[in-house]
file entry-v2.txt (compact mmCIF, C-alpha atoms)
# COMPACT_ATOMS: atom_id res chain seq x y z
CA MET A 1 20.29 -3.70 -7.12
CA ALA A 2 17.05 -2.28 -5.75
CA ALA A 3 16.92 1.27 -4.45
CA ILE A 4 14.15 3.20 -2.71
CA ARG A 5 13.67 6.90 -3.29
CA PRO A 6 10.93 9.53 -2.91
CA ALA A 7 8.36 9.44 -5.69
CA THR A 8 8.10 12.24 -8.23
CA VAL A 9 5.26 13.32 -10.50
CA GLU A 10 7.04 11.48 -13.33
CA ASP A 11 6.43 8.24 -11.42
CA ALA A 12 2.64 8.54 -11.66
CA TRP A 13 2.23 6.17 -14.64
CA PRO A 14 4.52 3.36 -13.41
CA ILE A 15 3.02 3.63 -9.91
CA ALA A 16 -0.44 3.28 -11.47
CA GLU A 17 0.69 0.21 -13.44
CA VAL A 18 2.01 -1.48 -10.30
CA ASN A 19 -1.09 -0.38 -8.39
CA VAL A 20 -3.52 -1.90 -10.91
CA ARG A 21 -1.56 -5.10 -11.51
CA SER A 22 -1.05 -5.78 -7.82
CA TRP A 23 -4.72 -5.10 -7.03
CA GLN A 24 -5.77 -7.48 -9.80
CA SER A 25 -3.55 -10.20 -8.35
CA ALA A 26 -3.86 -9.59 -4.61
CA TYR A 27 -7.62 -9.08 -4.56
CA GLN A 28 -8.56 -11.81 -7.04
CA GLY A 29 -11.41 -13.72 -5.41
CA LEU A 30 -11.71 -11.06 -2.70
CA LEU A 31 -13.23 -8.24 -4.75
CA PRO A 32 -15.68 -8.48 -7.66
CA GLU A 33 -14.04 -9.74 -10.85
CA VAL A 34 -15.67 -7.01 -12.95
CA TYR A 35 -14.29 -4.33 -10.64
CA LEU A 36 -10.75 -5.69 -10.87
CA ARG A 37 -10.99 -6.18 -14.64
CA ASP A 38 -12.14 -2.61 -15.14
CA LEU A 39 -9.37 -0.99 -13.11
CA SER A 40 -7.75 1.60 -15.32
CA VAL A 41 -4.07 2.48 -15.38
CA GLU A 42 -5.05 5.77 -17.04
CA GLY A 43 -7.48 6.63 -14.26
CA ARG A 44 -5.06 5.63 -11.54
CA ALA A 45 -2.21 7.55 -13.20
CA ALA A 46 -4.27 10.75 -13.20
CA ARG A 47 -5.04 10.23 -9.52
CA TRP A 48 -1.39 9.53 -8.71
CA GLN A 49 -0.28 12.59 -10.65
CA ARG A 50 -2.55 14.77 -8.47
CA ILE A 51 -1.30 13.10 -5.29
CA LEU A 52 2.37 13.41 -6.25
CA ALA A 53 1.98 17.06 -7.31
CA ASP A 54 0.58 18.02 -3.91
CA PRO A 55 3.39 19.43 -1.72
CA ALA A 56 1.62 18.04 1.37
CA ASN A 57 2.49 14.52 0.16
CA GLN A 58 6.20 15.13 -0.41
CA GLY A 59 8.16 12.27 1.13
CA ASP A 60 5.07 10.20 1.93
CA ILE A 61 5.27 8.07 -1.22
CA LEU A 62 8.44 6.10 -1.81
CA VAL A 63 9.21 3.98 -4.86
CA LEU A 64 11.36 0.89 -5.29
CA VAL A 65 13.40 0.94 -8.49
CA GLU A 66 15.65 -1.78 -9.88
CA ASP A 67 17.57 -1.53 -13.16
CA GLY A 68 15.56 1.57 -14.08
CA ALA A 69 12.18 -0.13 -13.59
CA LEU A 70 9.72 0.95 -10.90
CA LEU A 71 8.70 -2.31 -9.20
CA GLY A 72 6.79 -1.12 -6.17
CA PHE A 73 5.84 1.68 -3.85
CA THR A 74 4.78 2.44 -0.34
CA ALA A 75 2.69 5.30 1.04
CA VAL A 76 2.76 6.53 4.62
CA ASP A 77 0.99 9.27 6.50
CA ARG A 78 3.79 10.80 8.57
CA ILE A 79 1.31 13.07 10.38
CA ARG A 80 -1.02 10.28 11.54
CA GLY A 81 1.61 7.56 11.87
CA GLU A 82 -0.09 5.27 9.40
CA LEU A 83 1.24 2.85 6.81
CA ARG A 84 -1.26 3.43 4.02
CA ALA A 85 -0.06 1.10 1.27
CA ILE A 86 2.60 -1.28 0.04
CA TYR A 87 2.31 -2.53 -3.51
CA LEU A 88 4.83 -4.57 -5.43
CA ALA A 89 4.77 -6.01 -8.96
CA PRO A 90 3.19 -9.47 -8.49
CA GLU A 91 6.06 -11.29 -10.22
CA ARG A 92 8.36 -9.94 -7.47
CA TRP A 93 6.26 -11.17 -4.52
CA GLY A 94 8.20 -13.45 -2.19
CA THR A 95 11.59 -11.98 -3.14
CA GLY A 96 12.13 -9.83 -0.05
CA LEU A 97 11.41 -6.58 -1.90
CA GLY A 98 8.05 -6.20 -0.15
CA ARG A 99 9.84 -6.47 3.18
CA LEU A 100 12.35 -3.85 2.02
CA LEU A 101 9.47 -1.48 1.18
CA HIS A 102 7.83 -2.26 4.52
CA ASP A 103 10.98 -1.65 6.54
CA THR A 104 11.63 1.63 4.74
CA ALA A 105 8.07 2.81 5.41
CA VAL A 106 8.31 1.86 9.09
CA ALA A 107 11.64 3.70 9.36
CA ALA A 108 10.04 6.81 7.81
CA LEU A 109 7.29 6.72 10.44
CA ARG A 110 9.84 6.20 13.22
CA ASP A 111 11.96 9.06 11.85
CA ALA A 112 8.86 11.27 11.87
CA GLY A 113 8.78 10.81 15.65
CA HIS A 114 6.10 8.16 16.04
CA ARG A 115 6.39 5.59 18.80
CA GLU A 116 3.77 3.35 17.18
CA ALA A 117 2.06 3.06 13.80
CA THR A 118 -1.17 1.66 12.43
CA LEU A 119 -2.46 0.20 9.18
CA TRP A 120 -5.74 -1.29 7.93
CA VAL A 121 -6.02 -4.73 6.33
CA LEU A 122 -8.98 -6.22 4.50
CA ASP A 123 -10.32 -9.04 6.67
CA SER A 124 -10.40 -11.45 3.74
CA ASN A 125 -6.80 -10.69 2.69
CA GLU A 126 -5.00 -13.51 4.50
CA ARG A 127 -1.80 -13.02 2.50
CA ALA A 128 -1.47 -9.41 3.74
CA GLN A 129 -2.35 -10.47 7.28
CA ARG A 130 0.47 -13.04 7.25
CA PHE A 131 2.91 -10.51 5.78
CA TYR A 132 2.19 -7.91 8.46
CA ALA A 133 2.08 -10.43 11.31
CA ALA A 134 5.53 -11.71 10.27
CA ALA A 135 6.77 -8.11 10.49
CA GLY A 136 5.45 -7.70 14.03
CA TRP A 137 2.08 -6.02 13.46
CA VAL A 138 -0.84 -7.15 15.65
CA PRO A 139 -4.58 -6.48 15.41
CA ASP A 140 -5.58 -3.87 17.99
CA GLY A 141 -9.32 -4.61 18.04
CA ALA A 142 -10.48 -1.70 15.86
CA GLN A 143 -12.60 -2.60 12.86
CA LYS A 144 -14.41 -0.70 10.14
CA SER A 145 -16.73 -1.53 7.28
CA ASP A 146 -17.43 0.39 4.14
CA THR A 147 -19.07 -0.19 0.79
CA MET A 148 -16.95 -0.12 -2.36
CA PRO A 149 -17.72 2.94 -4.50
CA GLY A 150 -20.11 1.96 -7.26
CA GLU A 151 -20.43 -1.61 -5.97
CA ASP A 152 -22.77 -3.34 -3.56
CA VAL A 153 -19.82 -4.99 -1.79
CA LEU A 154 -19.14 -4.56 1.90
CA LEU A 155 -15.47 -4.30 2.83
CA SER A 156 -14.49 -5.16 6.39
CA GLU A 157 -11.08 -4.15 7.67
CA THR A 158 -9.11 -4.66 10.85
CA ARG A 159 -6.59 -2.19 12.18
CA TYR A 160 -3.11 -3.45 13.00
CA ARG A 161 -0.57 -1.72 15.21
CA ILE A 162 3.19 -1.95 15.71
CA ASP A 163 5.45 -0.57 18.43
CA LEU A 164 8.13 1.43 16.65
CA VAL A 165 10.32 1.67 19.73
CA THR A 166 10.75 -2.01 20.48
CA GLY A 167 9.37 -3.52 17.23
call {"tool": "encode", "arguments": {"input": "entry-v2.txt", "output": "structure tokens"}}
result
Amino acid sequence: MAAIRPATVEDAWPIAEVNVRSWQSAYQGLLPEVYLRDLSVEGRAARWQRILADPANQGDILVLVEDGALLGFTAVDRIRGELRAIYLAPERWGTGLGRLLHDTAVAALRDAGHREATLWVLDSNERAQRFYAAAGWVPDGAQKSDTMPGEDVLLSETRYRIDLVTG
């Protein structure tokens, strides 16, 4: 049975593994192949270790564990009322575990006192757009563009919003 709990520093490596694998699957054809191929679990693990060691992030990263294996995670910003990330092992997509992570993240934002929340979705990521729309998120008209670090690739994103009181 799957359980969700706050992440610890010891989760840095398995979070990085899920992070890299899910990026390589979810963004295939959306981001440069060389960029995805060169994603490093080691590099991501070091980054996650720093994030998880920072007391300011306590409670903002939650992990989904089943039978002792970390299968996914979500990150929220309880101060800003933002859902920052949901990543799940690709072989578990479509099983309802992503929705479980989502609902837990939304509950954390609601429990932090927010009446609404936001998130950003890559414009070309139709799978994520469908996932969030099915959960009640709607585009609010805000958009941003940025260039990928080290790449000459423009990323365009749309902000989505959800009412945490009625949604």
call {"tool": "closest_residue", "arguments": {"input": "entry-v2.txt", "among": "A:Ala107, A:Ala56, A:Thr147, A:Tyr27", "to": "Val121 (chain A)", "atoms": "only C-alpha atoms"}}
result
A:Tyr27
call {"tool": "closest_residue", "arguments": {"input": "entry-v2.txt", "among": "A:Leu119, A:Leu30, A:Val41, A:Leu62", "to": "Ala105 (chain A)", "atoms": "all atoms listed in the file"}}
result
A:Leu62
call {"tool": "residues_around", "arguments": {"input": "entry-v2.txt", "residues": "Leu71 (chain A)", "least_positions_apart": "5", "cutoff": "9 Å", "atoms": "only C-alpha atoms", "output": "list in words"}}
result
Pro14, Ile15, Val18, Val63, Leu64, Val65, Glu66, Tyr87, Leu88, Ala89, Arg92 and Leu97 of chain A
call {"tool": "residues_around", "arguments": {"input": "entry-v2.txt", "residues": "Asp146 (chain A)", "least_positions_apart": "4", "cutoff": "8 Å", "atoms": "all atoms listed in the file", "output": "PyMOL selection string"}}
result
chain A and resi 154-156
call {"tool": "closest_residue", "arguments": {"input": "entry-v2.txt", "among": "A:Ile79, A:Val34, A:Ala45, A:Ala142", "to": "Ala108 (chain A)", "atoms": "all atoms listed in the file"}}
result
A:Ile79
call {"tool": "residues_near_point", "arguments": {"input": "entry-v2.txt", "point": "(2.7, -6.6, 18.5)", "cutoff": "12 Å", "atoms": "all atoms listed in the file", "output": "number ranges by chain"}}
result
A: 116-118, 132-140, 160-167
call {"tool": "atom_distance", "arguments": {"input": "entry-v2.txt", "atom1": "CA of Asp111 (chain A)", "atom2": "CA of Arg99 (chain A)"}}
result
17.9 Å
call {"tool": "closest_residue", "arguments": {"input": "entry-v2.txt", "among": "A:Ala7, A:Phe131, A:Ser40, A:Lys144", "to": "Gly94 (chain A)", "atoms": "all atoms listed in the file"}}
result
A:Phe131
call {"tool": "residues_around", "arguments": {"input": "entry-v2.txt", "residues": "His114 (chain A)", "least_positions_apart": "4", "cutoff": "8 Å", "atoms": "only C-alpha atoms", "output": "ChimeraX atom specification"}}
result
/A:81,109-110,164
call {"tool": "atom_distance", "arguments": {"input": "entry-v2.txt", "atom1": "CA of Val9 (chain A)", "atom2": "CA of Ala53 (chain A)"}}
result
5.9 Å
call {"tool": "atom_distance", "arguments": {"input": "entry-v2.txt", "atom1": "CA of Thr8 (chain A)", "atom2": "CA of Leu52 (chain A)"}}
result
6.2 Å
call {"tool": "closest_residue", "arguments": {"input": "entry-v2.txt", "among": "A:Leu36, A:Leu83, A:Ile61, A:Leu31", "to": "Asp123 (chain A)", "atoms": "all atoms listed in the file"}}
result
A:Leu31
call {"tool": "closest_residue", "arguments": {"input": "entry-v2.txt", "among": "A:Gln24, A:Thr95, A:Asn57, A:Ser124", "to": "Asp77 (chain A)", "atoms": "all atoms listed in the file"}}
result
A:Asn57
call {"tool": "axis_aligned_box", "arguments": {"input": "entry-v2.txt", "around": "region 92-97 of chain A", "padding_each_side": "8 Å", "output": "JSON"}}
result
{"center_x": 9.2, "center_y": -10.0, "center_z": -3.8, "size_x": 21.9, "size_y": 22.9, "size_z": 23.4}
